[in-house]
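**Q** First the structure, then my questions, so here it is.
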Amino acid sequence: MRRDTFVLSLIWRETRNLVKSTSVSDLAWVVLGGSAFLAYGVGNAVVALRRGSEILRARQEPWIIVLLAVFALGLAGGVILSKVAWTRAFAPFLKALPLSISERRRMVAVAALSIGAPFVVLAGAGVGAACLRVDKPYAAAWGFGAAMTCAAGVASALFLHLFVANNEAPNDLSTPFANAAKSIPLPWLGAFDCATPAWLGVWACGLPAGTLRLTARLFATSFLFLLAAALAIGASLARHEAAPAAVAGMIGGLIAFMLSLRCHPLASPVLRTTPRGFTSTWLRLARLPLVLSAACFVGPASAAVIAEPSAWTTPIASGLCLLILNGVYAVFAGFFLNAPLLAALAFFIAVAYAGYESLEYGGAVIIGFAALIAFLWHESLRRYRHG
Amino acid sequence: MDEGEALEVLTVRGVSAGYRGRRIVADISVALRFGDVLGLLGANGSGKSTLLKAVTGQIRLMAGTVAIAGVDLAHAPERAKAELGLAIDGPELPSALSGWQYLELVASIRSCAASDWPCGDVVSRLGLSAWLARPIAEYSLGTRAKISIAAALLGSPKLLIFDESLNGLDPLAAFEVKGIIRELAATGRHAIVISTHVVETVPALCTRAIFLADGRIVEHWNTQELARASQAPGAFESCVMKALNARALHSATVA
């Protein structure tokens, strides 16, 4: 086996084994359900294209937005692929093998790009087909452009991942917390994390023995948060409008919650073999992220009230909205357990799709969305209890 | 429930369990009373860990029932698990927590102090004191086994389960753990299950033993048989080897 394709081959074998070990009924559900959803989505897209064909044929702006969306999709896909390939390249059974860091990086790049290539082609073909459907001139060029944009997204994510991961981890492959010199103790954390089960937040967030590792990623994230909050607050105060700061508070709070909520302890026998119920554990896991989310929300929300005191209901409404979104995401995180990235992706897709469908079916979509949440909740509960 | 059942800490009746619809263990029935120490033996892949996962409520039963201290695990899992102490497998431990934090986590769930052991200061006995402030990620296999055993004993649960927990322990710690198990059994307030490949520890430690092969109990030894086996050095070991060889021969014939 060639070394460069080792990770790719590993992922292929894992996928094949996963399919083989899945029961026929589960496979039937996935294939039939997936096909039905795909057909429904394609049908919807075709109808939407027919409706807007006049505008889409004449104007360029919608297609620029499409290209941006394709880039974002490529970026998200690239992040997932890089992460999956990276974890394989540094799997425990490979750590002892005489593979240099550069060889491992090459293996990651080959795997991510090989798996990403069909999606790039699919994105290009999709946009090209849409152009053909509305008789847009230069359909092939638009399709090629979309494919290149998607490829740029995948490549950017891969490059960033290799760069960041290369700076953070790979010199020491032995322990995850070997770089103790860059950690700062958080003595006050015990007070926030003392409710039963004690230290659950520390465990879930992976804060080694209650300390915080100062990484470039942490600094970059904090800086972006502060910058976005400052810009939104500034905009609100300058224009005497509550909306920018209130919305920024809601988005910031949601992102903080999503970045900090980790539900992997729900899969651990440490909790599953104790007299601790699913609901209380799940709520306990959300506690620390909720505090963080509230902390991110309070500043901009206060600025919103100061900027436009008469519109005090705006920050309250955004706060309620944040609470609901946090709750919904917590259900997704509880379902996807060890895959927060997948949970985030599924959450965004579900919310976006529900929003899109509500344009056509109105409030009735909420019932379907609530049913989805109930289903995910029930499955998580069942898995916690019975594996 | 009759009087006999009331005394049982663990009642396993006709249990079948496995993964993704495939049965790994089938028709297992075992009952443990206070003071019992059950040795669980079998080759790799014989179903020992699957059985223990079924008994501790980590996988769904395909058939049969499990009751811990008279409480049905399927109907009231939280209540049943209140009387269960499982020594978690090393890699499953929360590696981000320090040893002390892990003990506090388990203690908070069991509503007891983080030093509430039924047999003295387990941390000192197992030589864990120097490690408690460090993250579990830095622990060796043996140190992970020690913290796992210490956590399992917190709050004095009636049923204690050690799934190959003696593996990787240094001789001193292994001696201490065996001593702890004997002490707990002698109190008559606990029942203990030990799954192990260290065959020679079984007659010295256990009051009963069962041998699993292909997911079924194919051999069992009662207190008298184990006592007899422990009198002659290597007698029990050769008995188990015979059973293992017989199963290997049977499997080869079937294949």
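Simple scheme: letters A, B, ... for chains in structure tokens order, numbers from 1 for residues in each chain, numbers from 1 for ligands in the order shown.
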Write out as CSV a residue-level contact list of chain A versus chain B with cut-off 6 Å: for each qualifying residue the closest pair of atoms and the distance in Å to one decimal, counting only C-alpha atoms, rows sorted by chain and residue number upward.
**A**
residue,atom,partner,partner_atom,distance
A:Thr196,CA,B:Ser108,CA,5.4
A:Pro197,CA,B:Leu105,CA,5.1
A:Ala198,CA,B:Leu105,CA,4.5
A:Trp203,CA,B:Ala96,CA,5.4
A:Gly206,CA,B:Ala96,CA,5.1
A:Leu207,CA,B:Ala96,CA,5.9
A:Pro208,CA,B:Ala96,CA,4.4
A:Ala209,CA,B:Leu97,CA,4.7
A:Thr273,CA,B:Thr56,CA,6.0
A:Thr274,CA,B:Lys81,CA,5.3
A:Pro275,CA,B:Glu78,CA,4.1
A:His386,CA,B:Arg60,CA,4.6
A:Gly387,CA,B:Ile59,CA,4.6
**Q** Take the selection from the previous step and output its residues with C-alpha atoms, as a PDB file, in the first residue's frame.
**A**
ATOM      1  CA  THR A 196     -24.040  16.952  40.551  1.00  0.00           C
ATOM      2  CA  PRO A 197     -22.217  15.389  38.752  1.00  0.00           C
ATOM      3  CA  ALA A 198     -19.314  17.538  39.856  1.00  0.00           C
ATOM      4  CA  TRP A 203     -14.775  16.821  31.514  1.00  0.00           C
ATOM      5  CA  GLY A 206     -11.755  18.873  27.913  1.00  0.00           C
ATOM      6  CA  LEU A 207     -10.149  21.375  30.282  1.00  0.00           C
ATOM      7  CA  PRO A 208      -7.234  19.314  31.636  1.00  0.00           C
ATOM      8  CA  ALA A 209      -7.701  19.113  35.424  1.00  0.00           C
ATOM      9  CA  THR A 273     -23.678   2.811  34.648  1.00  0.00           C
ATOM     10  CA  THR A 274     -24.648   5.214  37.427  1.00  0.00           C
ATOM     11  CA  PRO A 275     -28.105   6.070  38.782  1.00  0.00           C
ATOM     12  CA  HIS A 386     -29.652   0.838  26.215  1.00  0.00           C
ATOM     13  CA  GLY A 387     -26.590   1.575  24.134  1.00  0.00           C
TER      14      GLY A 387
END
**Q** According to DSSP computed on the backbone, where in stretch 101-221 of chain A is there alpha helix (DSSP H)? Give the residues as a ChimeraX atom specification.
**A** /A:101-133,139-168,189-192,200-205,216-221
**Q** Find the distance between atom CA of A:Leu212 and atom CA of A:Asp193 and write it in Å to one decimal.
**A**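 Between atom CA of A:Leu212 and atom CA of A:Asp193 the gap works out to 14.4 Å.
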**Q** Pick out the residues sitting within 12 Å of A:Ile316, and hand them over as a list of chain:residue names; count only C-alpha atoms, and ignore anything fewer than 4 positions along from it in its own chain.
**A** A:Ala242, A:Ala243, A:Ala246, A:Val247, A:Gly249, A:Met250, A:Phe297, A:Val298, A:Pro300, A:Ala301, A:Ser302, A:Ala304, A:Val305, A:Ala311, A:Trp312, A:Leu320, A:Cys321, A:Leu322, A:Leu323
**Q** May I have the selected residues written with N, CA and C atoms, as an mmCIF file, in the first residue's frame?
**A**
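For reference, selection31.cif as written:
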data_model
loop_
_atom_site.group_PDB
_atom_site.id
_atom_site.type_symbol
_atom_site.label_atom_id
_atom_site.label_comp_id
_atom_site.auth_asym_id
_atom_site.auth_seq_id
_atom_site.Cartn_x
_atom_site.Cartn_y
_atom_site.Cartn_z
ATOM 1 N N ALA A 242 -31.560 49.499 18.346
ATOM 2 C CA ALA A 242 -31.289 48.347 19.218
ATOM 3 C C ALA A 242 -30.925 47.097 18.417
ATOM 4 N N ALA A 243 -31.428 47.018 17.193
ATOM 5 C CA ALA A 243 -31.347 45.756 16.436
ATOM 6 C C ALA A 243 -29.928 45.203 16.240
ATOM 7 N N ALA A 246 -28.540 43.746 19.476
ATOM 8 C CA ALA A 246 -29.386 42.631 19.955
ATOM 9 C C ALA A 246 -29.152 41.382 19.112
ATOM 10 N N VAL A 247 -29.099 41.576 17.792
ATOM 11 C CA VAL A 247 -28.872 40.431 16.897
ATOM 12 C C VAL A 247 -27.467 39.861 17.099
ATOM 13 N N GLY A 249 -25.714 40.014 19.797
ATOM 14 C CA GLY A 249 -25.722 39.303 21.079
ATOM 15 C C GLY A 249 -26.289 37.912 20.933
ATOM 16 N N MET A 250 -27.379 37.813 20.161
ATOM 17 C CA MET A 250 -28.020 36.508 19.962
ATOM 18 C C MET A 250 -27.089 35.562 19.196
ATOM 19 N N PHE A 297 -24.097 37.287 25.562
ATOM 20 C CA PHE A 297 -25.320 37.980 25.145
ATOM 21 C C PHE A 297 -25.523 39.290 25.912
ATOM 22 N N VAL A 298 -25.174 39.258 27.206
ATOM 23 C CA VAL A 298 -25.524 40.370 28.097
ATOM 24 C C VAL A 298 -24.944 41.718 27.632
ATOM 25 N N PRO A 300 -23.805 42.987 24.524
ATOM 26 C CA PRO A 300 -24.507 43.608 23.391
ATOM 27 C C PRO A 300 -25.975 43.935 23.694
ATOM 28 N N ALA A 301 -26.648 43.074 24.467
ATOM 29 C CA ALA A 301 -28.063 43.323 24.779
ATOM 30 C C ALA A 301 -28.210 44.601 25.607
ATOM 31 N N SER A 302 -27.290 44.781 26.565
ATOM 32 C CA SER A 302 -27.324 46.004 27.377
ATOM 33 C C SER A 302 -27.083 47.227 26.496
ATOM 34 N N ALA A 304 -27.807 47.457 23.427
ATOM 35 C CA ALA A 304 -29.014 47.656 22.614
ATOM 36 C C ALA A 304 -30.043 48.494 23.377
ATOM 37 N N VAL A 305 -30.197 48.206 24.671
ATOM 38 C CA VAL A 305 -31.160 48.963 25.489
ATOM 39 C C VAL A 305 -30.704 50.417 25.624
ATOM 40 N N ALA A 311 -37.016 50.610 22.574
ATOM 41 C CA ALA A 311 -37.127 49.284 21.941
ATOM 42 C C ALA A 311 -36.580 48.193 22.870
ATOM 43 N N TRP A 312 -36.920 48.276 24.169
ATOM 44 C CA TRP A 312 -36.401 47.304 25.138
ATOM 45 C C TRP A 312 -36.874 45.876 24.858
ATOM 46 N N LEU A 320 -34.904 35.492 24.159
ATOM 47 C CA LEU A 320 -35.798 34.317 24.123
ATOM 48 C C LEU A 320 -35.457 33.428 22.928
ATOM 49 N N CYS A 321 -35.216 34.091 21.807
ATOM 50 C CA CYS A 321 -34.860 33.366 20.593
ATOM 51 C C CYS A 321 -33.557 32.585 20.806
ATOM 52 N N LEU A 322 -32.610 33.240 21.493
ATOM 53 C CA LEU A 322 -31.325 32.583 21.790
ATOM 54 C C LEU A 322 -31.544 31.352 22.670
ATOM 55 N N LEU A 323 -32.416 31.491 23.649
ATOM 56 C CA LEU A 323 -32.693 30.373 24.557
ATOM 57 C C LEU A 323 -33.268 29.185 23.784
#
**Q** Tell me, as a count of residues only, which residues lie within 9 Å of stretch 48-55 of chain A, counting only C-alpha atoms; anything in the same chain fewer than 2 positions away does not count.
**A** 14
**Q** B:Ile217: which residues within 10 Å, counting only C-alpha atoms, same-chain residues fewer than 3 positions away excluded, as a list in words?
**A**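 Listed by chain and then number, they are Val25, Ala26, Asp27, Ile28, Ser29, Val30, Leu40, Leu41, Gly42, Ser46, Gly47, Ile210, Phe211, Leu212, Ala213, Asp214 and His220 of chain B.
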**Q** Please write the residues from the selection above to a file, keeping C-alpha atoms, as an mmCIF file, in the first residue's frame.
**A**
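Saved the output as again.cif:
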data_model
loop_
_atom_site.group_PDB
_atom_site.id
_atom_site.type_symbol
_atom_site.label_atom_id
_atom_site.label_comp_id
_atom_site.auth_asym_id
_atom_site.auth_seq_id
_atom_site.Cartn_x
_atom_site.Cartn_y
_atom_site.Cartn_z
ATOM 1 C CA VAL B 25 -24.207 -14.154 24.625
ATOM 2 C CA ALA B 26 -27.266 -16.354 24.878
ATOM 3 C CA ASP B 27 -29.364 -17.870 27.626
ATOM 4 C CA ILE B 28 -27.167 -16.841 30.555
ATOM 5 C CA SER B 29 -28.547 -17.371 34.033
ATOM 6 C CA VAL B 30 -26.595 -16.489 37.148
ATOM 7 C CA LEU B 40 -15.905 -14.960 35.008
ATOM 8 C CA LEU B 41 -13.578 -16.886 32.714
ATOM 9 C CA GLY B 42 -13.400 -17.437 28.992
ATOM 10 C CA SER B 46 -16.230 -15.557 24.435
ATOM 11 C CA GLY B 47 -18.708 -12.875 25.524
ATOM 12 C CA ILE B 210 -18.204 -19.783 35.416
ATOM 13 C CA PHE B 211 -16.551 -20.400 32.085
ATOM 14 C CA LEU B 212 -18.011 -18.807 28.966
ATOM 15 C CA ALA B 213 -17.478 -20.107 25.439
ATOM 16 C CA ASP B 214 -19.293 -18.963 22.318
ATOM 17 C CA HIS B 220 -19.074 -23.809 36.374
#
**Q** From the DSSP assignment of the backbone, select every residue of stretch 103-222 of chain B that is strand (DSSP E or B), and format the answer as an MDAnalysis selection string.
**A** chainID B and resid 118 120 135 159:163 191:195 208:213 216:221
**Q** Write out as a list in words the residues lying within 10 Å of A:Ala69, counting only C-alpha atoms and excluding same-chain residues fewer than 6 positions away.
**A**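 Neighbouring residues, sequence-local ones excluded: Trp63, Leu75, Ala146, Thr149 and Cys150 of chain A.
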